[in-house]
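Peer 1: Okay, so here is target18.txt, and as you'll see once you scroll down, it has compact mmCIF, C-alpha atoms.
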# COMPACT_ATOMS: atom_id res chain seq x y z
CA MET A 190 19.03 20.33 42.99
CA THR A 191 22.04 19.94 40.66
CA ILE A 192 23.36 23.22 39.30
CA PRO A 193 23.50 23.60 35.50
CA ARG A 194 26.87 22.75 33.96
CA LEU A 195 28.67 23.44 30.70
CA LEU A 196 29.69 19.97 29.47
CA ALA A 197 31.72 18.68 26.54
CA VAL A 198 32.22 15.55 24.48
CA SER A 199 33.85 14.77 21.14
CA ASP A 200 34.65 11.98 18.69
CA LEU A 201 31.42 10.06 19.22
CA HIS A 202 31.81 8.11 15.95
CA VAL A 203 28.26 6.81 16.02
CA ARG A 204 28.79 4.62 12.94
CA TYR A 205 29.88 2.03 15.52
CA PRO A 206 26.84 0.39 17.17
CA ASP A 207 28.46 0.37 20.62
CA ASN A 208 29.18 4.09 20.37
CA ARG A 209 25.64 4.72 19.20
CA SER A 210 24.35 2.92 22.29
CA ILE A 211 26.50 5.12 24.51
CA VAL A 212 25.14 8.27 22.86
CA GLU A 213 21.60 6.99 23.38
CA GLY A 214 22.37 6.82 27.09
CA LEU A 215 23.77 10.34 27.51
CA GLN A 216 21.65 12.51 29.80
CA PRO A 217 22.01 15.90 31.47
CA THR A 218 21.92 16.15 35.25
CA SER A 219 20.08 19.48 35.15
CA ASP A 220 17.50 21.08 32.88
CA GLY A 221 20.00 23.88 32.29
CA ASP A 222 22.99 21.81 31.14
CA TRP A 223 24.69 22.89 27.91
CA LEU A 224 26.62 20.40 25.77
CA ILE A 225 29.61 21.11 23.53
CA VAL A 226 30.14 18.50 20.79
CA ALA A 227 33.69 18.98 19.50
CA GLY A 228 33.52 17.17 16.17
CA ASP A 229 33.69 13.70 14.63
CA VAL A 230 30.09 12.80 15.43
CA ALA A 231 29.92 10.64 12.30
CA GLU A 232 30.80 10.59 8.61
CA GLN A 233 27.36 10.53 6.99
CA VAL A 234 25.02 13.49 7.26
CA GLY A 235 22.05 11.40 8.39
CA GLU A 236 23.98 9.93 11.33
CA ILE A 237 25.26 13.37 12.33
CA GLU A 238 21.71 14.70 12.33
CA TRP A 239 20.44 11.74 14.34
CA ALA A 240 22.99 12.21 17.12
CA LEU A 241 22.72 16.00 17.34
CA ALA A 242 18.90 15.89 17.27
CA LEU A 243 18.89 13.37 20.12
CA LEU A 244 21.26 15.48 22.21
CA ARG A 245 19.39 18.70 21.45
CA GLU A 246 16.18 17.13 22.78
CA ARG A 247 17.91 16.52 26.11
CA PHE A 248 20.22 19.50 26.64
CA ALA A 249 19.27 23.15 27.02
CA ARG A 250 21.79 24.12 24.33
CA VAL A 251 24.04 22.13 22.01
CA ILE A 252 27.11 23.65 20.34
CA TRP A 253 28.82 21.73 17.52
CA VAL A 254 32.07 22.16 15.63
CA PRO A 255 33.09 19.99 12.67
CA GLY A 256 35.83 17.42 12.80
CA ASN A 257 37.62 15.87 9.89
CA HIS A 258 35.25 12.86 9.71
CA GLU A 259 32.19 15.07 9.13
CA LEU A 260 34.02 16.55 6.15
CA TRP A 261 34.92 13.25 4.51
CA THR A 262 33.28 12.41 1.17
CA ARG A 263 33.20 8.72 0.34
CA GLY A 264 32.37 7.30 -3.08
CA LYS A 265 29.07 5.79 -1.92
CA ASP A 266 28.11 8.67 0.36
CA PRO A 267 24.38 9.51 -0.09
CA VAL A 268 25.41 13.18 0.24
CA PRO A 269 28.28 13.53 -2.25
CA LEU A 270 29.06 17.19 -1.49
CA ARG A 271 32.70 18.08 -0.94
CA GLY A 272 34.70 20.65 0.98
CA GLY A 273 33.05 24.00 1.62
CA GLU A 274 29.70 22.91 0.20
CA ARG A 275 29.58 19.95 2.58
CA TYR A 276 30.41 22.17 5.54
CA ARG A 277 27.72 24.68 4.60
CA LEU A 278 25.14 21.89 4.35
CA LEU A 279 26.08 20.66 7.82
CA VAL A 280 25.67 24.19 9.19
CA GLU A 281 22.21 24.40 7.62
CA ARG A 282 21.18 21.04 9.08
CA CYS A 283 22.44 22.08 12.52
CA ARG A 284 20.49 25.32 12.38
CA ALA A 285 17.34 23.37 11.54
CA LEU A 286 17.94 21.39 14.75
CA ASP A 287 18.65 24.53 16.82
CA VAL A 288 22.27 23.45 17.26
CA LEU A 289 24.86 26.25 17.23
CA THR A 290 27.84 26.15 14.85
CA PRO A 291 30.99 28.22 14.18
CA GLU A 292 28.91 30.35 11.81
CA ASP A 293 26.42 31.51 14.46
CA PRO A 294 26.60 34.24 17.12
CA PHE A 295 28.71 33.07 20.03
CA PRO A 296 26.56 32.28 23.09
CA VAL A 297 27.46 33.46 26.59
CA TRP A 298 27.37 30.92 29.41
CA ASP A 299 25.87 32.73 32.40
CA GLY A 300 25.73 29.73 34.73
CA ALA A 301 28.14 28.73 37.48
CA GLY A 302 31.71 29.60 36.56
CA GLY A 303 30.53 32.22 34.08
CA PRO A 304 30.07 34.47 32.37
CA ALA A 305 32.10 33.04 29.49
CA THR A 306 31.69 33.43 25.75
CA VAL A 307 31.61 29.96 24.20
CA VAL A 308 33.47 30.19 20.89
CA PRO A 309 32.98 27.28 18.46
CA LEU A 310 35.86 27.25 15.95
CA PHE A 311 36.58 25.49 12.69
CA THR A 312 40.28 25.80 11.85
CA LEU A 313 41.47 22.63 10.09
CA TYR A 314 45.29 22.24 9.95
CA ASP A 315 48.14 23.47 7.80
CA TYR A 316 50.85 20.82 8.27
CA SER A 317 52.92 23.12 10.52
CA PHE A 318 53.13 20.63 13.43
CA LEU A 319 56.31 19.22 11.88
CA PRO A 320 57.94 15.88 12.71
CA ALA A 321 61.38 16.04 14.31
CA GLY A 322 64.17 16.62 11.82
CA THR A 323 62.00 18.35 9.22
CA ALA A 324 61.82 22.07 8.43
CA THR A 325 58.96 22.42 5.94
CA SER A 326 55.54 20.89 5.45
CA GLU A 327 56.82 19.20 2.30
CA GLU A 328 59.63 17.57 4.28
CA GLY A 329 57.20 16.67 7.05
CA LEU A 330 54.77 14.98 4.69
CA ALA A 331 57.58 13.09 3.01
CA ALA A 332 58.75 11.83 6.41
CA ALA A 333 55.21 10.79 7.34
CA TYR A 334 54.68 8.91 4.09
CA ALA A 335 58.06 7.21 4.52
CA ALA A 336 57.01 6.12 8.03
CA GLY A 337 53.68 4.82 6.73
CA VAL A 338 51.71 7.37 8.75
CA VAL A 339 49.17 9.00 6.45
CA CYS A 340 45.84 10.45 7.59
CA THR A 341 42.78 9.29 5.63
CA ASP A 342 42.01 12.99 5.11
CA GLU A 343 44.51 12.93 2.27
CA HIS A 344 42.03 10.81 0.32
CA LEU A 345 38.60 11.81 1.65
CA LEU A 346 38.71 15.40 2.97
CA HIS A 347 38.49 17.59 -0.13
CA PRO A 348 39.31 21.32 0.18
CA ASP A 349 37.07 22.61 -2.65
CA PRO A 350 36.99 25.44 -3.63
CA PHE A 351 40.44 25.98 -2.13
CA PRO A 352 43.51 24.52 -3.85
CA ASP A 353 44.52 22.51 -0.78
CA ARG A 354 43.71 21.95 2.89
CA ALA A 355 46.38 24.40 4.06
CA ALA A 356 44.75 27.18 2.05
CA TRP A 357 41.33 26.34 3.50
CA CYS A 358 42.93 26.37 6.95
CA ALA A 359 44.42 29.83 6.33
CA ALA A 360 41.00 31.18 5.37
CA ARG A 361 39.37 29.62 8.45
CA LEU A 362 42.06 31.02 10.75
CA ALA A 363 41.60 34.53 9.35
CA GLU A 364 37.81 34.34 9.78
CA SER A 365 38.17 32.96 13.30
CA GLU A 366 40.56 35.73 14.31
CA ARG A 367 38.20 38.34 12.91
CA ARG A 368 35.29 37.06 14.96
CA LEU A 369 37.35 36.50 18.10
CA ALA A 370 38.49 40.11 17.94
CA GLU A 371 34.83 41.16 18.10
CA CYS A 372 34.18 39.32 21.40
CA ASP A 373 33.56 41.38 24.53
CA PRO A 374 37.05 41.87 26.03
CA GLU A 375 35.57 41.92 29.54
CA ILE A 376 34.26 38.34 29.31
CA PRO A 377 36.54 35.26 29.32
CA THR A 378 36.13 32.69 26.56
CA VAL A 379 35.77 28.94 26.24
CA LEU A 380 37.50 28.07 22.97
CA VAL A 381 36.13 24.98 21.23
CA ASN A 382 37.82 23.31 18.27
CA HIS A 383 38.11 19.77 17.00
CA TRP A 384 41.85 20.07 16.40
CA PRO A 385 44.22 20.99 19.26
CA LEU A 386 45.10 24.70 19.39
CA THR A 387 48.64 24.03 20.62
CA ARG A 388 51.32 21.49 19.80
CA LEU A 389 51.65 20.19 23.38
CA PRO A 390 48.79 17.62 23.26
CA THR A 391 50.35 15.90 20.24
CA GLU A 392 53.57 15.10 22.09
CA VAL A 393 52.01 11.91 23.48
CA LEU A 394 50.97 10.51 20.10
CA ARG A 395 52.10 6.94 19.45
CA TYR A 396 52.96 7.97 15.89
CA PRO A 397 54.42 11.50 16.15
CA GLU A 398 54.18 12.11 12.39
CA PHE A 399 50.38 12.20 12.74
CA ALA A 400 50.74 15.65 14.36
CA LEU A 401 50.88 17.07 10.82
CA TRP A 402 47.09 16.58 10.62
CA CYS A 403 46.39 17.99 14.09
CA GLY A 404 46.50 21.78 13.95
CA SER A 405 48.41 24.94 13.19
CA GLU A 406 51.22 26.84 14.88
CA ARG A 407 49.22 30.00 14.19
CA THR A 408 46.81 29.19 17.03
CA ALA A 409 49.52 28.56 19.65
CA ASP A 410 48.76 31.73 21.65
CA TRP A 411 45.00 31.96 21.15
CA HIS A 412 44.23 30.73 24.66
CA VAL A 413 46.19 33.70 26.02
CA ARG A 414 45.34 36.29 23.37
CA TYR A 415 41.61 35.59 23.59
CA ARG A 416 41.34 35.28 27.38
CA ALA A 417 40.37 31.60 27.54
CA THR A 418 39.24 30.15 30.83
CA ALA A 419 39.18 26.72 29.15
CA VAL A 420 39.92 25.12 25.78
CA VAL A 421 37.95 22.10 24.55
CA TYR A 422 39.19 19.88 21.72
CA GLY A 423 39.17 16.28 20.47
CA HIS A 424 40.69 14.48 17.47
CA LEU A 425 43.48 12.70 19.36
CA HIS A 426 41.28 10.12 21.13
CA ILE A 427 43.38 10.70 24.27
CA PRO A 428 40.90 12.10 26.81
CA ARG A 429 42.66 14.07 29.53
CA VAL A 430 43.11 17.50 31.09
CA THR A 431 46.32 19.50 30.72
CA TRP A 432 47.28 23.06 31.64
CA GLU A 433 49.10 25.71 29.62
CA ASP A 434 49.69 29.26 30.84
CA GLY A 435 47.19 28.63 33.62
CA VAL A 436 44.46 27.60 31.14
CA ARG A 437 42.74 24.23 31.34
CA PHE A 438 42.79 22.20 28.10
CA ILE A 439 40.16 19.43 27.94
CA GLU A 440 40.44 16.62 25.39
CA ALA A 441 36.88 15.26 25.43
CA SER A 442 37.01 12.26 23.06
CA LEU A 443 35.05 9.04 23.29
CA GLY A 444 36.95 7.47 20.38
CA TYR A 445 36.64 4.07 18.76
CA PRO A 446 35.27 1.08 20.74
CA ARG A 447 38.68 -0.61 20.92
CA GLU A 448 40.07 2.55 22.52
CA TRP A 449 37.45 3.24 25.17
CA ARG A 450 37.22 -0.44 26.05
CA ALA A 451 40.95 -0.46 26.71
CA ARG A 452 40.58 2.59 28.95
CA ASP A 453 37.74 0.93 30.85
CA GLU A 454 39.82 -2.19 31.43
CA ARG A 455 42.70 -0.13 32.78
CA ASN A 456 40.66 2.18 34.96
CA GLY A 457 37.82 -0.09 36.04
CA THR A 458 35.26 2.56 35.05
CA VAL A 459 32.18 2.68 32.86
CA VAL A 460 32.77 5.00 29.92
CA SER A 461 29.16 6.22 29.65
CA GLU A 462 29.29 7.45 33.24
CA GLN A 463 32.41 9.56 32.81
CA LEU A 464 32.14 10.56 29.18
CA LEU A 465 30.73 14.08 29.54
CA ARG A 466 33.53 16.42 30.65
CA GLN A 467 32.64 19.32 32.92
CA VAL A 468 34.00 22.58 31.52
CA LEU A 469 32.24 25.08 33.83
CA PRO A 470 32.12 25.48 36.69
CA THR A 471 35.70 24.29 36.99
CA PRO A 472 35.58 20.96 38.85
Taking this structure as input, can you express it in the form of structure tokens?
Peer 2:
Amino acid sequence: MTIPRLLAVSDLHVRYPDNRSIVEGLQPTSDGDWLIVAGDVAEQVGEIEWALALLRERFARVIWVPGNHELWTRGKDPVPLRGGERYRLLVERCRALDVLTPEDPFPVWDGAGGPATVVPLFTLYDYSFLPAGTATSEEGLAAAYAAGVVCTDEHLLHPDPFPDRAAWCAARLAESERRLAECDPEIPTVLVNHWPLTRLPTEVLRYPEFALWCGSERTADWHVRYRATAVVYGHLHIPRVTWEDGVRFIEASLGYPREWRARDERNGTVVSEQLLRQVLPTP
């Protein structure tokens, strides 16, 4: 019998029919499998609910964190809420599905490789991952705009009621640090966030200016300070495993169809068979 595993995936982007088909095919290998969903499920609330409800029916526990796409508000969106109100609605919908969020008590994985406190985070970014040759976020943004590298968040991710996204990020970081400090210091953590917690993963970006929208320097030591046995993230659409300070960092993205198809062609693999990343026990 297969032992239960703590698994992870991110950036499902189910607005694309091919991605939706892949999600429909995702299955646990044990009745006790948990699944981390590290953001960017979809952009519309109904599609987010559809995907999380499907996964919750199949997995013993589902843990979700928001990505930037969940927080977008388009002009024709049937749910026109913005910023904090949109996030709170998503939390309410997740709770109705029995899906855990960054606002809920942190669960403890007691299966193989545990115990470990699974910590879903929502941090956003504060433009501190600066492009080379710049010293401030203002200079960094100017360089990005000059290079033609501008994240769609600048138009669709509204920070209400905060004055800007950096201020919302600062509030989220403070709340996350408060809750992390309350975790049992005797139990390791699995830190889960949509955006990378360190700058290292962004060094392979094709367009380095995009790092501005990828995290905060304030989280650079969280994997050490908060005793992480693993860190799960997405956002970059570059699925891989890296190591920092002896901690395993797992980028768990599916990404857009053009991206995963290109990976399949290179590797000769079927994406749906390798999509779910094993977090614990360590493979």
Peer 1: Have a look at CA of Gly300 in chain A and CA of Arg194 in chain A and let me know their distance in Å, one decimal.
Peer 2: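 Value for the CA of Gly300 in chain A-CA of Arg194 in chain A distance: 7.1 Å.
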Peer 1: List the neighbours of Val468 in chain A out to 6 Å using all atoms listed in the file; skip same-chain residues closer than 2 positions along the sequence, and give me the result as a list in words.
Peer 2: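 Returned residues: Leu195, Leu196 and Thr471 of chain A.
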Peer 1: Counting only C-alpha atoms, give me one row per residue of range 216-291 of chain A with an atom at most 12 Å from an atom of range 356-380 of chain A, showing the shortest contact pair and its distance in Å to one decimal, sorted by chain then residue number, as JSON lines.
Peer 2:
{"residue": "A:Ile225", "atom": "CA", "partner": "A:Val379", "partner_atom": "CA", "distance": 10.3}
{"residue": "A:Ala227", "atom": "CA", "partner": "A:Leu380", "partner_atom": "CA", "distance": 10.4}
{"residue": "A:Ile252", "atom": "CA", "partner": "A:Leu380", "partner_atom": "CA", "distance": 11.6}
{"residue": "A:Val254", "atom": "CA", "partner": "A:Leu380", "partner_atom": "CA", "distance": 10.9}
{"residue": "A:Gly272", "atom": "CA", "partner": "A:Trp357", "partner_atom": "CA", "distance": 9.1}
{"residue": "A:Gly273", "atom": "CA", "partner": "A:Trp357", "partner_atom": "CA", "distance": 8.8}
{"residue": "A:Tyr276", "atom": "CA", "partner": "A:Trp357", "partner_atom": "CA", "distance": 11.9}
{"residue": "A:Pro291", "atom": "CA", "partner": "A:Ser365", "partner_atom": "CA", "distance": 8.6}
Peer 1: I need the residue nearest Leu270 in chain A from this list: A:Pro390, A:Pro470, A:Pro348, A:Pro255. Use only C-alpha atoms for the distance.
Peer 2: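 Closest to Leu270 in chain A, using only C-alpha atoms: A:Pro348.
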Peer 1: Please report the interatomic distance between CA of Leu401 in chain A and CA of His383 in chain A in Å with one decimal.
Peer 2: 14.4 Å
Peer 1: Please report the interatomic distance between CA of Arg414 in chain A and CA of Val251 in chain A in Å with one decimal.
Peer 2: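 CA of Val251 in chain A lies at a distance of 25.6 Å from CA of Arg414 in chain A.
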Peer 1: Give as a PyMOL selection string every residue, naming chains and numbers as the document does, that has an atom within 12 Å of (40.2, 15.4, 24.4), counting only C-alpha atoms.
Peer 2: chain A and resi 197-201+226-229+381-386+390-391+420-431+437-444+464-466+468
Peer 1: Considering all atoms listed in the file, can you say which of A:Gly302, A:Pro206, A:Pro350, A:Gly264 comes closest to Gln467 in chain A?
Peer 2: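 Ranking A:Gly302, A:Pro206, A:Pro350, A:Gly264 by distance to Gln467 in chain A, first place goes to A:Gly302.
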